[in-house]
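Shown next, in structure tokens, is the structure this report addresses.
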Amino acid sequence: MERVIVIGSGPAGLTAAIYAARANLKPLVLAGGLYGGQLMLTTEVENYPGFPEGIQGPDLMIRFREQAERFGARIENVDVTSVELTNKPLTVRTPDAEYQSKTVIVATGASARWLDIPGEERLRGRGVSTCATCDGAFFREKHIVVVGGGDSAMEEALFLTRFGKRVTVIHRRDSLRASKIMVDRAKSHEKMDFIWNTVVDEMIGDTHLRALRLRNLLDGSSYEFEADAIFIAIGHTPNTDIFKGQLNLDAAGYIVSPDGCATNLDGVFVAGDVNDIRYKQAITAAGAGCRAAMDAEKYLEALEFAVKLEQPA
């Protein structure tokens with residue numbers, strides 16, 4: 001019987017593990033086959049406090065992991081295949097094992113949607129990104145492309161105008177899905193322009209993005225378009241499939257929490273991007289992991305105190 005199981009190993013999950021381990025709860029972290037979350041796909045991280053010179057995303061996550069293990073967290077690089085959270089004890093299953101726990105912290109994150117086109121995976125972190133806040137500053141006075149047409153895409157594009165000499169939005173339709181105020185801001189910005197009814201078919205470059213292969217959806221014409229960076233802003237998919245029917249999810253699949261930590265099930269807590277539809281930053285995820293671990297500790301204290309009261313004198 002575990003006291004705390006953490007599902008996920010990004011900044012939220014590993015911070016939860018650090019705090020739970022320091023509270024002597026000996027947490028078990030089921031990290032997934034590839035631990036570290038989205039930061040494992042990031043190169044330079046310049047906005048995480050404590051690293052004034054910046055740090056590589058994978059290096060930062062290695063430090064998170066080492067710190068959690070130093071305090072006694074046990075980390076297994078396995079995927080969780082199913083859970084049973086509506087009954088006590090809570091049950092978590094992997095391909096080769098079944099675990100039971102008094103509490104579970106869900107920190108499975110959300111995956112950015114990619115275009116899944118040639119060159120994209122190879123050039124990630126080399127001019128291809130899904131996070132303007134993380135990587136925008138690397139492209140000062142460069143030509144930046146943003147793909148998407150919703151509010152998030154316009155927010156990313158407007159943010160990137162602080163750095164790029166030109167920001168081009170590419171959208172598959174002839175109008176944006178974003179709110180009117182965001183559309184007005186974007187269209188009136190002197191650094192921004194738009195390419196309509198167009199999709200990106202390929203990302204071109206050897207060691208860094210050099211150009212894009214674009215295709216017009218109206219006439220089928222294809223051409224090469226020079227760009228130094230491309231930011232994909234077509235949404236995120238929360239990693240919540242295994243929790244459907246047990247945890248309350250919103251229409252987009254994110255875990256619903258009244259306070260950003262508790263869920264609809266006793267003993268089950270949530271942290272990070274699997275619940276956060278707004279910020280999606282490593283530091284906010286880490287803060288949420290801290291809260292989840294502290295709340296799990298308080299829950300266990302109350303639970304175990306109640307058990308002691310029920311025991312005969």
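Following the order of the structure tokens, chains are lettered A, B, ..., residues in each are numbered from 1, and ligands are numbered from 1.
Within segment 74-178 of chain A, residues classed as alpha helix (DSSP H) by DSSP on backbone coordinates are Ala132, Thr133, Cys134, Asp135, Asp151, Ser152, Ala153, Met154, Glu155, Glu156, Ala157, Leu158, Phe159 and Leu160 of chain A.
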For segment 180-298 of chain A versus segment 58-67 of chain A, which residues have an atom no more than 12 Å away, and what is each residue's nearest atom pair and distance in Å rounded to one decimal, using only C-alpha atoms, chain-then-number order, as JSON lines?
```
{"residue": "A:Ala282", "atom": "CA", "partner": "A:Met61", "partner_atom": "CA", "distance": 10.2}
{"residue": "A:Ile283", "atom": "CA", "partner": "A:Leu60", "partner_atom": "CA", "distance": 11.8}
{"residue": "A:Ala286", "atom": "CA", "partner": "A:Phe64", "partner_atom": "CA", "distance": 10.0}
```
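Near segment 213-219 of chain A, within a cut-off of 9 Å and counting only C-alpha atoms, sit the residues Arg172, Arg173, Trp196, Asn197, Thr198, Val199, Val200, Asp201, Glu202, Met203, Ile204, Phe225 and Glu226 of chain A, with same-chain residues fewer than 6 positions away left out.
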Residue contacts of segment 31-43 of chain A (9 Å, only C-alpha atoms) excluding same-chain residues fewer than 3 positions away, as a ChimeraX atom specification: /A:6-11,13-14,55-62,64-65,75-80,108-112,124-126,129,134-135,282
Just N, CA and C atoms for this one: save the residues we selected as an mmCIF file, in the first residue's frame.
```
data_model
loop_
_atom_site.group_PDB
_atom_site.id
_atom_site.type_symbol
_atom_site.label_atom_id
_atom_site.label_comp_id
_atom_site.auth_asym_id
_atom_site.auth_seq_id
_atom_site.Cartn_x
_atom_site.Cartn_y
_atom_site.Cartn_z
ATOM 1 N N VAL A 6 2.328 9.407 -7.707
ATOM 2 C CA VAL A 6 2.308 10.532 -8.640
ATOM 3 C C VAL A 6 2.315 9.968 -10.049
ATOM 4 N N ILE A 7 1.336 10.352 -10.849
ATOM 5 C CA ILE A 7 1.285 9.929 -12.248
ATOM 6 C C ILE A 7 1.752 11.091 -13.110
ATOM 7 N N GLY A 8 2.928 10.944 -13.708
ATOM 8 C CA GLY A 8 3.489 12.022 -14.520
ATOM 9 C C GLY A 8 4.802 12.505 -13.949
ATOM 10 N N SER A 9 5.662 13.035 -14.814
ATOM 11 C CA SER A 9 7.004 13.405 -14.363
ATOM 12 C C SER A 9 7.526 14.673 -15.002
ATOM 13 N N GLY A 10 6.607 15.590 -15.330
ATOM 14 C CA GLY A 10 7.030 16.917 -15.748
ATOM 15 C C GLY A 10 7.304 17.763 -14.516
ATOM 16 N N PRO A 11 7.390 19.078 -14.667
ATOM 17 C CA PRO A 11 7.633 19.943 -13.510
ATOM 18 C C PRO A 11 6.610 19.766 -12.393
ATOM 19 N N GLY A 13 4.676 16.964 -11.687
ATOM 20 C CA GLY A 13 4.817 15.665 -11.052
ATOM 21 C C GLY A 13 6.068 15.542 -10.209
ATOM 22 N N LEU A 14 7.193 16.028 -10.711
ATOM 23 C CA LEU A 14 8.442 15.882 -9.972
ATOM 24 C C LEU A 14 8.513 16.845 -8.788
ATOM 25 N N ILE A 55 19.139 27.349 -19.119
ATOM 26 C CA ILE A 55 19.451 25.931 -18.973
ATOM 27 C C ILE A 55 18.685 25.155 -20.033
ATOM 28 N N GLN A 56 19.265 24.069 -20.517
ATOM 29 C CA GLN A 56 18.576 23.228 -21.476
ATOM 30 C C GLN A 56 17.396 22.539 -20.800
ATOM 31 N N GLY A 57 16.264 22.423 -21.512
ATOM 32 C CA GLY A 57 15.077 21.807 -20.944
ATOM 33 C C GLY A 57 15.334 20.423 -20.363
ATOM 34 N N PRO A 58 15.964 19.508 -21.118
ATOM 35 C CA PRO A 58 16.246 18.183 -20.554
ATOM 36 C C PRO A 58 17.146 18.233 -19.328
ATOM 37 N N ASP A 59 18.117 19.150 -19.315
ATOM 38 C CA ASP A 59 18.995 19.274 -18.144
ATOM 39 C C ASP A 59 18.216 19.723 -16.914
ATOM 40 N N LEU A 60 17.259 20.624 -17.108
ATOM 41 C CA LEU A 60 16.435 21.075 -15.988
ATOM 42 C C LEU A 60 15.622 19.924 -15.421
ATOM 43 N N MET A 61 15.059 19.103 -16.284
ATOM 44 C CA MET A 61 14.256 17.993 -15.807
ATOM 45 C C MET A 61 15.109 16.915 -15.144
ATOM 46 N N ILE A 62 16.330 16.737 -15.589
ATOM 47 C CA ILE A 62 17.244 15.810 -14.905
ATOM 48 C C ILE A 62 17.485 16.284 -13.481
ATOM 49 N N PHE A 64 15.428 18.149 -11.661
ATOM 50 C CA PHE A 64 14.179 17.873 -10.926
ATOM 51 C C PHE A 64 14.182 16.431 -10.438
ATOM 52 N N ARG A 65 14.500 15.524 -11.342
ATOM 53 C CA ARG A 65 14.446 14.094 -11.015
ATOM 54 C C ARG A 65 15.468 13.734 -9.943
ATOM 55 N N ILE A 75 11.137 6.387 -8.649
ATOM 56 C CA ILE A 75 10.669 6.767 -9.979
ATOM 57 C C ILE A 75 10.806 5.576 -10.924
ATOM 58 N N GLU A 76 9.702 5.221 -11.553
ATOM 59 C CA GLU A 76 9.694 4.134 -12.520
ATOM 60 C C GLU A 76 9.251 4.680 -13.875
ATOM 61 N N ASN A 77 10.036 4.404 -14.904
ATOM 62 C CA ASN A 77 9.748 4.898 -16.246
ATOM 63 C C ASN A 77 8.759 3.969 -16.954
ATOM 64 N N VAL A 78 7.539 3.948 -16.453
ATOM 65 C CA VAL A 78 6.498 3.102 -17.039
ATOM 66 C C VAL A 78 5.238 3.943 -17.268
ATOM 67 N N ASP A 79 4.455 3.538 -18.251
ATOM 68 C CA ASP A 79 3.199 4.220 -18.543
ATOM 69 C C ASP A 79 2.075 3.624 -17.706
ATOM 70 N N VAL A 80 1.159 4.471 -17.283
ATOM 71 C CA VAL A 80 -0.047 4.007 -16.597
ATOM 72 C C VAL A 80 -1.087 3.666 -17.661
ATOM 73 N N THR A 108 -0.352 14.411 -15.441
ATOM 74 C CA THR A 108 -0.057 13.822 -16.742
ATOM 75 C C THR A 108 0.132 14.847 -17.854
ATOM 76 N N GLY A 109 -0.150 16.119 -17.572
ATOM 77 C CA GLY A 109 0.167 17.177 -18.529
ATOM 78 C C GLY A 109 -0.772 17.237 -19.721
ATOM 79 N N ALA A 110 -0.406 18.075 -20.656
ATOM 80 C CA ALA A 110 -1.136 18.231 -21.917
ATOM 81 C C ALA A 110 -0.114 18.286 -23.043
ATOM 82 N N SER A 111 -0.445 17.674 -24.135
ATOM 83 C CA SER A 111 0.474 17.612 -25.266
ATOM 84 C C SER A 111 0.084 18.637 -26.320
ATOM 85 N N ALA A 112 1.054 19.447 -26.724
ATOM 86 C CA ALA A 112 0.791 20.408 -27.796
ATOM 87 C C ALA A 112 0.493 19.660 -29.091
ATOM 88 N N ARG A 124 12.417 20.445 -34.358
ATOM 89 C CA ARG A 124 11.913 20.939 -33.078
ATOM 90 C C ARG A 124 13.072 21.450 -32.229
ATOM 91 N N GLY A 125 12.887 22.642 -31.678
ATOM 92 C CA GLY A 125 13.970 23.260 -30.913
ATOM 93 C C GLY A 125 15.011 23.919 -31.789
ATOM 94 N N ARG A 126 14.831 23.868 -33.084
ATOM 95 C CA ARG A 126 15.765 24.480 -34.043
ATOM 96 C C ARG A 126 15.001 25.404 -34.993
ATOM 97 N N SER A 129 8.646 25.475 -32.723
ATOM 98 C CA SER A 129 8.260 25.511 -31.318
ATOM 99 C C SER A 129 6.752 25.595 -31.187
ATOM 100 N N CYS A 134 8.303 30.662 -24.149
ATOM 101 C CA CYS A 134 9.560 29.944 -23.900
ATOM 102 C C CYS A 134 10.653 30.357 -24.877
ATOM 103 N N ASP A 135 10.310 30.471 -26.158
ATOM 104 C CA ASP A 135 11.340 30.536 -27.194
ATOM 105 C C ASP A 135 11.353 31.806 -28.027
ATOM 106 N N ALA A 282 6.331 26.088 -16.992
ATOM 107 C CA ALA A 282 7.001 25.161 -16.072
ATOM 108 C C ALA A 282 6.878 25.634 -14.636
#
```
Excluding segment 81-87 of chain A and its own-chain neighbours fewer than 4 positions away, which residues fall within 8 Å of it when counting only C-alpha atoms? Please give them as an NGL selection string. :A and (91-95 or 242-243 or 246 or 265 or 268)
Close residues, Lys298 of chain A itself excluded, 12 Å, only C-alpha atoms, min 6 positions apart in chain, as a CSV table (one decimal) with N, CA, C and O atoms, in the first residue's frame:
```csv
chain,number,residue,atom,x,y,z
A,3,ARG,N,1.4,5.4,0.0
A,3,ARG,CA,0.7,6.5,0.6
A,3,ARG,C,0.5,7.6,-0.5
A,3,ARG,O,-0.6,8.3,-0.5
A,4,VAL,N,1.4,7.8,-1.4
A,4,VAL,CA,1.2,8.7,-2.5
A,4,VAL,C,1.8,8.1,-3.8
A,4,VAL,O,2.9,7.6,-3.8
A,20,ALA,N,6.5,15.6,-1.4
A,20,ALA,CA,6.0,14.4,-0.8
A,20,ALA,C,7.1,13.6,-0.1
A,20,ALA,O,7.0,13.1,1.0
A,23,ALA,N,8.3,15.2,3.0
A,23,ALA,CA,7.4,14.9,4.1
A,23,ALA,C,7.4,13.5,4.5
A,23,ALA,O,6.5,13.1,5.3
A,25,LEU,N,6.8,10.8,2.9
A,25,LEU,CA,5.7,10.0,2.4
A,25,LEU,C,6.1,8.9,1.4
A,25,LEU,O,5.3,8.1,0.9
A,103,THR,N,-3.5,7.9,-1.7
A,103,THR,CA,-3.7,9.2,-2.5
A,103,THR,C,-3.0,9.0,-3.9
A,103,THR,O,-2.1,8.3,-4.0
A,267,GLY,N,-9.0,12.0,-2.1
A,267,GLY,CA,-7.7,11.4,-2.2
A,267,GLY,C,-7.0,11.6,-3.5
A,267,GLY,O,-5.9,11.2,-3.7
A,269,PHE,N,-5.7,14.2,-6.4
A,269,PHE,CA,-5.3,15.6,-6.6
A,269,PHE,C,-4.8,15.8,-8.0
A,269,PHE,O,-4.3,14.9,-8.6
A,291,ARG,N,1.5,22.4,-4.3
A,291,ARG,CA,0.2,22.5,-3.6
A,291,ARG,C,-0.4,21.1,-3.5
A,291,ARG,O,-1.0,20.7,-2.5
A,292,ALA,N,-0.3,20.3,-4.6
A,292,ALA,CA,-0.9,19.0,-4.6
A,292,ALA,C,-0.3,18.1,-3.5
A,292,ALA,O,-1.0,17.4,-2.8
A,304,GLU,N,-5.4,9.2,8.5
A,304,GLU,CA,-4.7,8.3,9.5
A,304,GLU,C,-5.1,8.7,10.9
A,304,GLU,O,-5.1,7.8,11.8
A,305,PHE,N,-5.4,9.9,11.2
A,305,PHE,CA,-5.8,10.3,12.5
A,305,PHE,C,-7.2,9.7,12.8
A,305,PHE,O,-7.5,9.2,13.9
```
Tell me, as a PDB file with N, CA, C and O atoms, in the first residue's frame, which residues lie within 12 Å of Ala157 of chain A, counting only C-alpha atoms; anything in the same chain fewer than 6 positions away does not count.
```pdb
ATOM      1  N   THR A 130       6.255  25.309 -29.977  1.00  0.00           N
ATOM      2  CA  THR A 130       4.840  25.514 -29.658  1.00  0.00           C
ATOM      3  C   THR A 130       4.665  26.486 -28.497  1.00  0.00           C
ATOM      4  O   THR A 130       3.560  26.632 -27.983  1.00  0.00           O
ATOM      5  N   CYS A 131       5.751  27.169 -28.097  1.00  0.00           N
ATOM      6  CA  CYS A 131       5.664  28.044 -26.922  1.00  0.00           C
ATOM      7  C   CYS A 131       6.392  29.355 -27.173  1.00  0.00           C
ATOM      8  O   CYS A 131       7.628  29.422 -27.086  1.00  0.00           O
ATOM      9  N   ALA A 132       5.620  30.403 -27.478  1.00  0.00           N
ATOM     10  CA  ALA A 132       6.223  31.711 -27.731  1.00  0.00           C
ATOM     11  C   ALA A 132       6.888  32.274 -26.479  1.00  0.00           C
ATOM     12  O   ALA A 132       7.959  32.878 -26.553  1.00  0.00           O
ATOM     13  N   THR A 133       6.262  32.089 -25.320  1.00  0.00           N
ATOM     14  CA  THR A 133       6.832  32.590 -24.073  1.00  0.00           C
ATOM     15  C   THR A 133       8.189  31.955 -23.803  1.00  0.00           C
ATOM     16  O   THR A 133       9.104  32.604 -23.294  1.00  0.00           O
ATOM     17  N   GLY A 136      10.392  32.703 -27.816  1.00  0.00           N
ATOM     18  CA  GLY A 136      10.314  33.884 -28.663  1.00  0.00           C
ATOM     19  C   GLY A 136      11.551  34.745 -28.658  1.00  0.00           C
ATOM     20  O   GLY A 136      11.972  35.273 -29.703  1.00  0.00           O
ATOM     21  N   HIS A 143      12.326  36.679 -39.024  1.00  0.00           N
ATOM     22  CA  HIS A 143      10.994  36.512 -39.602  1.00  0.00           C
ATOM     23  C   HIS A 143      10.353  35.286 -38.958  1.00  0.00           C
ATOM     24  O   HIS A 143      10.848  34.163 -39.085  1.00  0.00           O
ATOM     25  N   ILE A 144       9.236  35.495 -38.270  1.00  0.00           N
ATOM     26  CA  ILE A 144       8.568  34.448 -37.505  1.00  0.00           C
ATOM     27  C   ILE A 144       7.208  34.155 -38.127  1.00  0.00           C
ATOM     28  O   ILE A 144       6.477  35.069 -38.519  1.00  0.00           O
ATOM     29  N   VAL A 145       6.867  32.880 -38.177  1.00  0.00           N
ATOM     30  CA  VAL A 145       5.559  32.437 -38.658  1.00  0.00           C
ATOM     31  C   VAL A 145       4.787  31.830 -37.500  1.00  0.00           C
ATOM     32  O   VAL A 145       5.342  31.114 -36.671  1.00  0.00           O
ATOM     33  N   VAL A 146       3.488  32.111 -37.440  1.00  0.00           N
ATOM     34  CA  VAL A 146       2.590  31.479 -36.478  1.00  0.00           C
ATOM     35  C   VAL A 146       1.494  30.769 -37.258  1.00  0.00           C
ATOM     36  O   VAL A 146       0.890  31.355 -38.163  1.00  0.00           O
ATOM     37  N   VAL A 147       1.234  29.511 -36.906  1.00  0.00           N
ATOM     38  CA  VAL A 147       0.170  28.747 -37.549  1.00  0.00           C
ATOM     39  C   VAL A 147      -0.991  28.616 -36.578  1.00  0.00           C
ATOM     40  O   VAL A 147      -0.819  28.139 -35.450  1.00  0.00           O
ATOM     41  N   GLY A 148      -2.185  29.039 -36.998  1.00  0.00           N
ATOM     42  CA  GLY A 148      -3.365  28.954 -36.147  1.00  0.00           C
ATOM     43  C   GLY A 148      -4.270  30.144 -36.382  1.00  0.00           C
ATOM     44  O   GLY A 148      -3.865  31.148 -36.985  1.00  0.00           O
ATOM     45  N   GLY A 149      -5.505  30.047 -35.876  1.00  0.00           N
ATOM     46  CA  GLY A 149      -6.446  31.139 -36.100  1.00  0.00           C
ATOM     47  C   GLY A 149      -7.305  31.485 -34.901  1.00  0.00           C
ATOM     48  O   GLY A 149      -8.212  32.304 -35.016  1.00  0.00           O
ATOM     49  N   GLY A 150      -7.019  30.886 -33.746  1.00  0.00           N
ATOM     50  CA  GLY A 150      -7.796  31.161 -32.550  1.00  0.00           C
ATOM     51  C   GLY A 150      -7.167  32.213 -31.668  1.00  0.00           C
ATOM     52  O   GLY A 150      -6.142  32.836 -32.017  1.00  0.00           O
ATOM     53  N   ASP A 151      -7.766  32.425 -30.504  1.00  0.00           N
ATOM     54  CA  ASP A 151      -7.243  33.417 -29.565  1.00  0.00           C
ATOM     55  C   ASP A 151      -5.808  33.111 -29.154  1.00  0.00           C
ATOM     56  O   ASP A 151      -4.975  34.013 -29.046  1.00  0.00           O
ATOM     57  N   PHE A 163       9.717  40.641 -30.507  1.00  0.00           N
ATOM     58  CA  PHE A 163      11.048  40.163 -30.856  1.00  0.00           C
ATOM     59  C   PHE A 163      11.284  40.162 -32.370  1.00  0.00           C
ATOM     60  O   PHE A 163      12.294  40.658 -32.848  1.00  0.00           O
ATOM     61  N   GLY A 164      10.367  39.595 -33.122  1.00  0.00           N
ATOM     62  CA  GLY A 164      10.584  39.449 -34.550  1.00  0.00           C
ATOM     63  C   GLY A 164      10.466  40.758 -35.313  1.00  0.00           C
ATOM     64  O   GLY A 164       9.756  41.675 -34.902  1.00  0.00           O
ATOM     65  N   LYS A 165      11.159  40.847 -36.425  1.00  0.00           N
ATOM     66  CA  LYS A 165      11.016  42.025 -37.278  1.00  0.00           C
ATOM     67  C   LYS A 165       9.731  41.932 -38.098  1.00  0.00           C
ATOM     68  O   LYS A 165       9.216  42.940 -38.586  1.00  0.00           O
ATOM     69  N   ARG A 166       9.203  40.683 -38.228  1.00  0.00           N
ATOM     70  CA  ARG A 166       7.968  40.468 -38.975  1.00  0.00           C
ATOM     71  C   ARG A 166       7.345  39.169 -38.482  1.00  0.00           C
ATOM     72  O   ARG A 166       8.042  38.179 -38.254  1.00  0.00           O
ATOM     73  N   VAL A 167       6.034  39.181 -38.286  1.00  0.00           N
ATOM     74  CA  VAL A 167       5.313  37.995 -37.845  1.00  0.00           C
ATOM     75  C   VAL A 167       4.194  37.720 -38.842  1.00  0.00           C
ATOM     76  O   VAL A 167       3.309  38.555 -39.034  1.00  0.00           O
ATOM     77  N   THR A 168       4.244  36.553 -39.471  1.00  0.00           N
ATOM     78  CA  THR A 168       3.244  36.168 -40.462  1.00  0.00           C
ATOM     79  C   THR A 168       2.373  35.063 -39.892  1.00  0.00           C
ATOM     80  O   THR A 168       2.873  34.035 -39.438  1.00  0.00           O
ATOM     81  N   VAL A 169       1.073  35.283 -39.920  1.00  0.00           N
ATOM     82  CA  VAL A 169       0.116  34.273 -39.467  1.00  0.00           C
ATOM     83  C   VAL A 169      -0.389  33.505 -40.686  1.00  0.00           C
ATOM     84  O   VAL A 169      -0.849  34.101 -41.662  1.00  0.00           O
ATOM     85  N   ILE A 170      -0.296  32.181 -40.621  1.00  0.00           N
ATOM     86  CA  ILE A 170      -0.796  31.327 -41.695  1.00  0.00           C
ATOM     87  C   ILE A 170      -2.029  30.586 -41.174  1.00  0.00           C
ATOM     88  O   ILE A 170      -1.978  29.935 -40.128  1.00  0.00           O
ATOM     89  N   MET A 182      -9.222  40.374 -30.303  1.00  0.00           N
ATOM     90  CA  MET A 182      -7.915  39.833 -30.654  1.00  0.00           C
ATOM     91  C   MET A 182      -7.643  39.987 -32.145  1.00  0.00           C
ATOM     92  O   MET A 182      -6.520  40.286 -32.554  1.00  0.00           O
ATOM     93  N   VAL A 183      -8.679  39.793 -32.953  1.00  0.00           N
ATOM     94  CA  VAL A 183      -8.524  39.965 -34.397  1.00  0.00           C
ATOM     95  C   VAL A 183      -8.161  41.408 -34.723  1.00  0.00           C
ATOM     96  O   VAL A 183      -7.256  41.678 -35.534  1.00  0.00           O
ATOM     97  N   ARG A 185      -6.704  43.636 -32.823  1.00  0.00           N
ATOM     98  CA  ARG A 185      -5.335  43.925 -32.378  1.00  0.00           C
ATOM     99  C   ARG A 185      -4.316  43.368 -33.364  1.00  0.00           C
ATOM    100  O   ARG A 185      -3.330  44.030 -33.703  1.00  0.00           O
ATOM    101  N   ALA A 186      -4.548  42.141 -33.792  1.00  0.00           N
ATOM    102  CA  ALA A 186      -3.595  41.500 -34.692  1.00  0.00           C
ATOM    103  C   ALA A 186      -3.557  42.189 -36.052  1.00  0.00           C
ATOM    104  O   ALA A 186      -2.476  42.480 -36.592  1.00  0.00           O
ATOM    105  N   LYS A 187      -4.715  42.464 -36.608  1.00  0.00           N
ATOM    106  CA  LYS A 187      -4.754  43.042 -37.951  1.00  0.00           C
ATOM    107  C   LYS A 187      -4.249  44.482 -37.989  1.00  0.00           C
ATOM    108  O   LYS A 187      -3.814  44.961 -39.044  1.00  0.00           O
ATOM    109  N   HIS A 189      -1.724  45.575 -36.132  1.00  0.00           N
ATOM    110  CA  HIS A 189      -0.321  45.652 -35.719  1.00  0.00           C
ATOM    111  C   HIS A 189       0.574  45.806 -36.948  1.00  0.00           C
ATOM    112  O   HIS A 189       0.471  45.039 -37.913  1.00  0.00           O
ATOM    113  N   LYS A 191       3.611  45.093 -37.473  1.00  0.00           N
ATOM    114  CA  LYS A 191       4.568  44.028 -37.753  1.00  0.00           C
ATOM    115  C   LYS A 191       3.919  42.746 -38.274  1.00  0.00           C
ATOM    116  O   LYS A 191       4.621  41.817 -38.651  1.00  0.00           O
ATOM    117  N   MET A 192       2.591  42.688 -38.290  1.00  0.00           N
ATOM    118  CA  MET A 192       1.923  41.438 -38.610  1.00  0.00           C
ATOM    119  C   MET A 192       1.294  41.445 -39.992  1.00  0.00           C
ATOM    120  O   MET A 192       0.785  42.460 -40.457  1.00  0.00           O
ATOM    121  N   ASP A 193       1.350  40.288 -40.662  1.00  0.00           N
ATOM    122  CA  ASP A 193       0.613  40.093 -41.895  1.00  0.00           C
ATOM    123  C   ASP A 193       0.048  38.676 -41.901  1.00  0.00           C
ATOM    124  O   ASP A 193       0.332  37.877 -41.011  1.00  0.00           O
ATOM    125  N   PHE A 194      -0.796  38.366 -42.907  1.00  0.00           N
ATOM    126  CA  PHE A 194      -1.552  37.124 -42.905  1.00  0.00           C
ATOM    127  C   PHE A 194      -1.491  36.447 -44.266  1.00  0.00           C
ATOM    128  O   PHE A 194      -1.485  37.118 -45.304  1.00  0.00           O
ATOM    129  N   ALA A 229      11.652  31.031 -38.027  1.00  0.00           N
ATOM    130  CA  ALA A 229      11.026  30.293 -36.933  1.00  0.00           C
ATOM    131  C   ALA A 229       9.549  30.106 -37.230  1.00  0.00           C
ATOM    132  O   ALA A 229       8.933  30.929 -37.904  1.00  0.00           O
ATOM    133  N   ILE A 230       9.001  29.011 -36.710  1.00  0.00           N
ATOM    134  CA  ILE A 230       7.569  28.773 -36.825  1.00  0.00           C
ATOM    135  C   ILE A 230       7.046  28.317 -35.467  1.00  0.00           C
ATOM    136  O   ILE A 230       7.647  27.463 -34.800  1.00  0.00           O
ATOM    137  N   PHE A 231       5.943  28.919 -35.049  1.00  0.00           N
ATOM    138  CA  PHE A 231       5.302  28.557 -33.788  1.00  0.00           C
ATOM    139  C   PHE A 231       3.927  27.964 -34.108  1.00  0.00           C
ATOM    140  O   PHE A 231       3.096  28.615 -34.753  1.00  0.00           O
ATOM    141  N   ILE A 232       3.716  26.736 -33.674  1.00  0.00           N
ATOM    142  CA  ILE A 232       2.461  26.039 -33.920  1.00  0.00           C
ATOM    143  C   ILE A 232       1.513  26.369 -32.776  1.00  0.00           C
ATOM    144  O   ILE A 232       1.815  26.092 -31.609  1.00  0.00           O
ATOM    145  N   ALA A 233       0.377  26.943 -33.080  1.00  0.00           N
ATOM    146  CA  ALA A 233      -0.591  27.352 -32.058  1.00  0.00           C
ATOM    147  C   ALA A 233      -1.975  26.843 -32.435  1.00  0.00           C
ATOM    148  O   ALA A 233      -2.909  27.611 -32.688  1.00  0.00           O
TER     149      ALA A 233
END
```
